[in-house]
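Here's query_23.json, which has JSON, N, CA and C atoms:
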```
[["chain", "number", "residue", "atom", "x", "y", "z"],
["H", 1, "MET", "N", -11.14, 253.89, -48.63],
["H", 1, "MET", "CA", -10.47, 254.39, -49.82],
["H", 1, "MET", "C", -11.53, 254.83, -50.83],
["H", 2, "GLU", "N", -11.47, 256.07, -51.19],
["H", 2, "GLU", "CA", -12.43, 256.61, -52.14],
["H", 2, "GLU", "C", -11.69, 257.01, -53.41],
["H", 3, "LEU", "N", -12.07, 256.42, -54.52],
["H", 3, "LEU", "CA", -11.41, 256.70, -55.79],
["H", 3, "LEU", "C", -12.25, 257.68, -56.59],
["H", 4, "ARG", "N", -11.57, 258.55, -57.28],
["H", 4, "ARG", "CA", -12.28, 259.50, -58.12],
["H", 4, "ARG", "C", -12.83, 258.78, -59.34],
["H", 5, "VAL", "N", -13.96, 259.27, -59.84],
["H", 5, "VAL", "CA", -14.60, 258.66, -61.01],
["H", 5, "VAL", "C", -13.68, 258.75, -62.22],
["H", 6, "HIS", "N", -12.96, 259.85, -62.36],
["H", 6, "HIS", "CA", -12.06, 260.03, -63.50],
["H", 6, "HIS", "C", -11.05, 258.90, -63.60],
["H", 7, "ASP", "N", -10.49, 258.48, -62.47],
["H", 7, "ASP", "CA", -9.48, 257.43, -62.49],
["H", 7, "ASP", "C", -10.07, 256.07, -62.84],
["H", 8, "LEU", "N", -11.32, 255.84, -62.46],
["H", 8, "LEU", "CA", -11.96, 254.59, -62.83],
["H", 8, "LEU", "C", -12.26, 254.57, -64.33],
["H", 9, "HIS", "N", -12.63, 255.72, -64.87],
["H", 9, "HIS", "CA", -12.89, 255.80, -66.31],
["H", 9, "HIS", "C", -11.61, 255.67, -67.13],
["H", 10, "LEU", "N", -10.50, 256.07, -66.56],
["H", 10, "LEU", "CA", -9.22, 255.96, -67.26],
["H", 10, "LEU", "C", -8.91, 254.49, -67.59],
["H", 11, "LEU", "N", -9.18, 253.60, -66.66],
["H", 11, "LEU", "CA", -8.96, 252.18, -66.92],
["H", 11, "LEU", "C", -9.88, 251.69, -68.03],
["H", 12, "GLU", "N", -11.13, 252.13, -68.03],
["H", 12, "GLU", "CA", -12.06, 251.75, -69.09],
["H", 12, "GLU", "C", -11.58, 252.25, -70.44],
["H", 13, "VAL", "N", -11.09, 253.48, -70.48],
["H", 13, "VAL", "CA", -10.57, 254.04, -71.72],
["H", 13, "VAL", "C", -9.39, 253.22, -72.22],
["H", 14, "LYS", "N", -8.51, 252.83, -71.32],
["H", 14, "LYS", "CA", -7.34, 252.04, -71.72],
["H", 14, "LYS", "C", -7.75, 250.67, -72.25],
["H", 15, "VAL", "N", -8.75, 250.06, -71.65],
["H", 15, "VAL", "CA", -9.21, 248.74, -72.12],
["H", 15, "VAL", "C", -9.79, 248.86, -73.52],
["H", 16, "VAL", "N", -10.65, 249.85, -73.75],
["H", 16, "VAL", "CA", -11.23, 250.05, -75.08],
["H", 16, "VAL", "C", -10.14, 250.39, -76.09],
["H", 17, "ALA", "N", -9.20, 251.25, -75.69],
["H", 17, "ALA", "CA", -8.10, 251.61, -76.59],
["H", 17, "ALA", "C", -7.27, 250.38, -76.95],
["H", 18, "GLY", "N", -7.11, 249.46, -76.01],
["H", 18, "GLY", "CA", -6.37, 248.24, -76.28],
["H", 18, "GLY", "C", -7.05, 247.38, -77.34],
["H", 19, "PHE", "N", -8.38, 247.27, -77.25],
["H", 19, "PHE", "CA", -9.13, 246.50, -78.26],
["H", 19, "PHE", "C", -9.03, 247.16, -79.64],
["H", 20, "ILE", "N", -9.20, 248.47, -79.67],
["H", 20, "ILE", "CA", -9.13, 249.19, -80.94],
["H", 20, "ILE", "C", -7.73, 249.08, -81.53],
["H", 21, "ASN", "N", -6.72, 249.23, -80.70],
["H", 21, "ASN", "CA", -5.34, 249.12, -81.18],
["H", 21, "ASN", "C", -5.07, 247.73, -81.73],
["H", 22, "TYR", "N", -5.61, 246.71, -81.10],
["H", 22, "TYR", "CA", -5.43, 245.34, -81.59],
["H", 22, "TYR", "C", -5.97, 245.20, -83.01],
["H", 23, "LYS", "N", -7.17, 245.74, -83.23],
["H", 23, "LYS", "CA", -7.78, 245.65, -84.56],
["H", 23, "LYS", "C", -6.97, 246.44, -85.60],
["H", 24, "ILE", "N", -6.51, 247.63, -85.20],
["H", 24, "ILE", "CA", -5.70, 248.44, -86.12],
["H", 24, "ILE", "C", -4.40, 247.72, -86.47],
["H", 25, "CYS", "N", -3.76, 247.14, -85.47],
["H", 25, "CYS", "CA", -2.50, 246.43, -85.71],
["H", 25, "CYS", "C", -2.71, 245.23, -86.63],
["H", 26, "ARG", "N", -3.82, 244.53, -86.46],
["H", 26, "ARG", "CA", -4.10, 243.40, -87.35],
["H", 26, "ARG", "C", -4.26, 243.85, -88.79],
["H", 27, "LEU", "N", -4.98, 244.95, -88.98],
["H", 27, "LEU", "CA", -5.16, 245.48, -90.34],
["H", 27, "LEU", "C", -3.82, 245.92, -90.94],
["H", 28, "PHE", "N", -3.04, 246.64, -90.16],
["H", 28, "PHE", "CA", -1.73, 247.07, -90.65],
["H", 28, "PHE", "C", -0.83, 245.88, -90.95],
["H", 29, "PHE", "N", -0.92, 244.83, -90.14],
["H", 29, "PHE", "CA", -0.05, 243.67, -90.33],
["H", 29, "PHE", "C", -0.34, 242.99, -91.67],
["H", 30, "GLN", "N", -1.60, 243.00, -92.09],
["H", 30, "GLN", "CA", -1.95, 242.41, -93.38],
["H", 30, "GLN", "C", -1.38, 243.23, -94.53],
["H", 31, "LEU", "N", -1.24, 244.54, -94.32],
["H", 31, "LEU", "CA", -0.72, 245.40, -95.38],
["H", 31, "LEU", "C", 0.80, 245.51, -95.34],
["H", 32, "GLN", "N", 1.30, 245.86, -94.15],
["H", 32, "GLN", "CA", 2.75, 246.03, -94.00],
["H", 32, "GLN", "C", 3.10, 245.88, -92.52],
["H", 33, "ALA", "N", 3.91, 244.89, -92.21],
["H", 33, "ALA", "CA", 4.22, 244.56, -90.81],
["H", 33, "ALA", "C", 4.90, 245.71, -90.07],
["H", 34, "SER", "N", 5.73, 246.47, -90.76],
["H", 34, "SER", "CA", 6.43, 247.57, -90.08],
["H", 34, "SER", "C", 5.45, 248.63, -89.58],
["H", 35, "GLU", "N", 4.36, 248.86, -90.31],
["H", 35, "GLU", "CA", 3.34, 249.82, -89.86],
["H", 35, "GLU", "C", 2.62, 249.30, -88.62],
["H", 36, "SER", "N", 2.43, 248.01, -88.55],
["H", 36, "SER", "CA", 1.79, 247.41, -87.38],
["H", 36, "SER", "C", 2.65, 247.61, -86.13],
["H", 37, "ILE", "N", 3.94, 247.40, -86.27],
["H", 37, "ILE", "CA", 4.86, 247.58, -85.14],
["H", 37, "ILE", "C", 4.91, 249.04, -84.72],
["H", 38, "ALA", "N", 4.93, 249.94, -85.69],
["H", 38, "ALA", "CA", 4.96, 251.38, -85.38],
["H", 38, "ALA", "C", 3.69, 251.80, -84.66],
["H", 39, "GLN", "N", 2.54, 251.29, -85.07],
["H", 39, "GLN", "CA", 1.27, 251.61, -84.41],
["H", 39, "GLN", "C", 1.28, 251.10, -82.97],
["H", 40, "PHE", "N", 1.75, 249.89, -82.77],
["H", 40, "PHE", "CA", 1.80, 249.34, -81.41],
["H", 40, "PHE", "C", 2.70, 250.18, -80.51],
["H", 41, "ARG", "N", 3.83, 250.60, -81.03],
["H", 41, "ARG", "CA", 4.75, 251.43, -80.23],
["H", 41, "ARG", "C", 4.12, 252.78, -79.89],
["H", 42, "ARG", "N", 3.40, 253.39, -80.85],
["H", 42, "ARG", "CA", 2.72, 254.65, -80.56],
["H", 42, "ARG", "C", 1.68, 254.46, -79.47],
["H", 43, "HIS", "N", 0.96, 253.37, -79.53],
["H", 43, "HIS", "CA", -0.07, 253.05, -78.52],
["H", 43, "HIS", "C", 0.56, 252.92, -77.14],
["H", 44, "ILE", "N", 1.62, 252.16, -77.03],
["H", 44, "ILE", "CA", 2.29, 251.96, -75.74],
["H", 44, "ILE", "C", 2.91, 253.26, -75.25],
["H", 45, "ASP", "N", 3.55, 254.02, -76.13],
["H", 45, "ASP", "CA", 4.16, 255.29, -75.72],
["H", 45, "ASP", "C", 3.11, 256.26, -75.18],
["H", 46, "PHE", "N", 1.94, 256.28, -75.78],
["H", 46, "PHE", "CA", 0.89, 257.20, -75.34],
["H", 46, "PHE", "C", 0.37, 256.82, -73.96],
["H", 47, "PHE", "N", 0.16, 255.53, -73.71],
["H", 47, "PHE", "CA", -0.48, 255.10, -72.47],
["H", 47, "PHE", "C", 0.48, 254.72, -71.34],
["H", 48, "THR", "N", 1.78, 254.69, -71.60],
["H", 48, "THR", "CA", 2.73, 254.27, -70.57],
["H", 48, "THR", "C", 2.67, 255.13, -69.32],
["H", 49, "ASN", "N", 2.57, 256.43, -69.47],
["H", 49, "ASN", "CA", 2.60, 257.32, -68.32],
["H", 49, "ASN", "C", 1.23, 257.68, -67.77],
["H", 50, "LEU", "N", 0.16, 257.14, -68.31],
["H", 50, "LEU", "CA", -1.19, 257.43, -67.82],
["H", 50, "LEU", "C", -1.56, 256.43, -66.73],
["H", 51, "VAL", "N", -0.93, 256.57, -65.58],
["H", 51, "VAL", "CA", -1.13, 255.63, -64.48],
["H", 51, "VAL", "C", -2.40, 255.93, -63.71],
["H", 52, "GLY", "N", -2.70, 257.20, -63.50],
["H", 52, "GLY", "CA", -3.84, 257.56, -62.66],
["H", 52, "GLY", "C", -3.41, 257.64, -61.21],
["H", 53, "MET", "N", -4.31, 257.27, -60.33],
["H", 53, "MET", "CA", -4.01, 257.32, -58.90],
["H", 53, "MET", "C", -3.02, 256.23, -58.51],
["H", 54, "PRO", "N", -2.16, 256.51, -57.54],
["H", 54, "PRO", "CA", -1.18, 255.50, -57.10],
["H", 54, "PRO", "C", -1.85, 254.22, -56.61],
["H", 55, "GLU", "N", -3.06, 254.33, -56.07],
["H", 55, "GLU", "CA", -3.76, 253.13, -55.59],
["H", 55, "GLU", "C", -4.13, 252.19, -56.74],
["H", 56, "LEU", "N", -4.19, 252.74, -57.95],
["H", 56, "LEU", "CA", -4.56, 251.93, -59.12],
["H", 56, "LEU", "C", -3.35, 251.59, -60.00],
["H", 57, "ALA", "N", -2.16, 251.85, -59.52],
["H", 57, "ALA", "CA", -0.95, 251.60, -60.32],
["H", 57, "ALA", "C", -0.83, 250.13, -60.70],
["H", 58, "PHE", "N", -1.25, 249.23, -59.81],
["H", 58, "PHE", "CA", -1.15, 247.80, -60.12],
["H", 58, "PHE", "C", -2.04, 247.44, -61.30],
["H", 59, "GLU", "N", -3.21, 248.10, -61.43],
["H", 59, "GLU", "CA", -4.09, 247.83, -62.57],
["H", 59, "GLU", "C", -3.46, 248.34, -63.87],
["H", 60, "HIS", "N", -2.78, 249.47, -63.79],
["H", 60, "HIS", "CA", -2.09, 250.01, -64.97],
["H", 60, "HIS", "C", -0.99, 249.05, -65.42],
["H", 61, "GLU", "N", -0.20, 248.56, -64.47],
["H", 61, "GLU", "CA", 0.88, 247.63, -64.82],
["H", 61, "GLU", "C", 0.32, 246.33, -65.39],
["H", 62, "ALA", "N", -0.80, 245.86, -64.85],
["H", 62, "ALA", "CA", -1.43, 244.65, -65.38],
["H", 62, "ALA", "C", -1.92, 244.89, -66.81],
["H", 63, "TRP", "N", -2.50, 246.06, -67.04],
["H", 63, "TRP", "CA", -2.98, 246.40, -68.38],
["H", 63, "TRP", "C", -1.82, 246.46, -69.37],
["H", 64, "LEU", "N", -0.72, 247.09, -68.96],
["H", 64, "LEU", "CA", 0.45, 247.17, -69.84],
["H", 64, "LEU", "C", 1.00, 245.78, -70.17],
["H", 65, "SER", "N", 1.01, 244.90, -69.19],
["H", 65, "SER", "CA", 1.55, 243.56, -69.45],
["H", 65, "SER", "C", 0.68, 242.77, -70.43],
["H", 66, "LYS", "N", -0.61, 243.08, -70.48],
["H", 66, "LYS", "CA", -1.50, 242.39, -71.42],
["H", 66, "LYS", "C", -1.38, 242.93, -72.83],
["H", 67, "GLN", "N", -0.83, 244.12, -72.96],
["H", 67, "GLN", "CA", -0.69, 244.71, -74.29],
["H", 67, "GLN", "C", 0.38, 243.97, -75.06]]
```

What would you get if you wrote out this structure as structure tokens?
Amino acid sequence: MELRVHDLHLLEVKVVAGFINYKICRLFFQLQASESIAQFRRHIDFFTNLVGMPELAFEHEAWLSKQ
């Protein structure tokens, strides 16, 4: 099984985006909780369909469950 480099980098991008989103949500939560929830929903909506290769779908689902 040979995976394309792009698909491996997609998982790295999602992990970094998850950390950044966590920090943004914490900041928004201190100011206004509704903004924090809206930011989290935008984050999930953006990354929900970015699965990549079917062989890596389990990693995408695991990443989503950790969000």

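Look at Gln67 (chain H): the protein and nucleic acid residues within 10 Å of it, using only C-alpha atoms and passing over chain neighbours fewer than 3 places away, are Val15, Gly18, Phe19, Asn21, Tyr22, Phe40, His43, Ile44, Ala62, Trp63 and Leu64 of chain H.
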
Legend entry - Backbone DSSP call of alpha helix (DSSP H) for chain H, listed as a PyMOL selection string: chain H and resi 5-31+33-47+57-66

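For the pair CA of Leu11 (chain H) and atom C of Ala57 (chain H), the separation is 10.4 Å.
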
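From atom N of Glu35 (chain H) back to atom N of Lys66 (chain H), the distance works out to 21.2 Å.
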
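You will find CA of Glu61 (chain H) at 9.8 Å from atom N of Thr48 (chain H).
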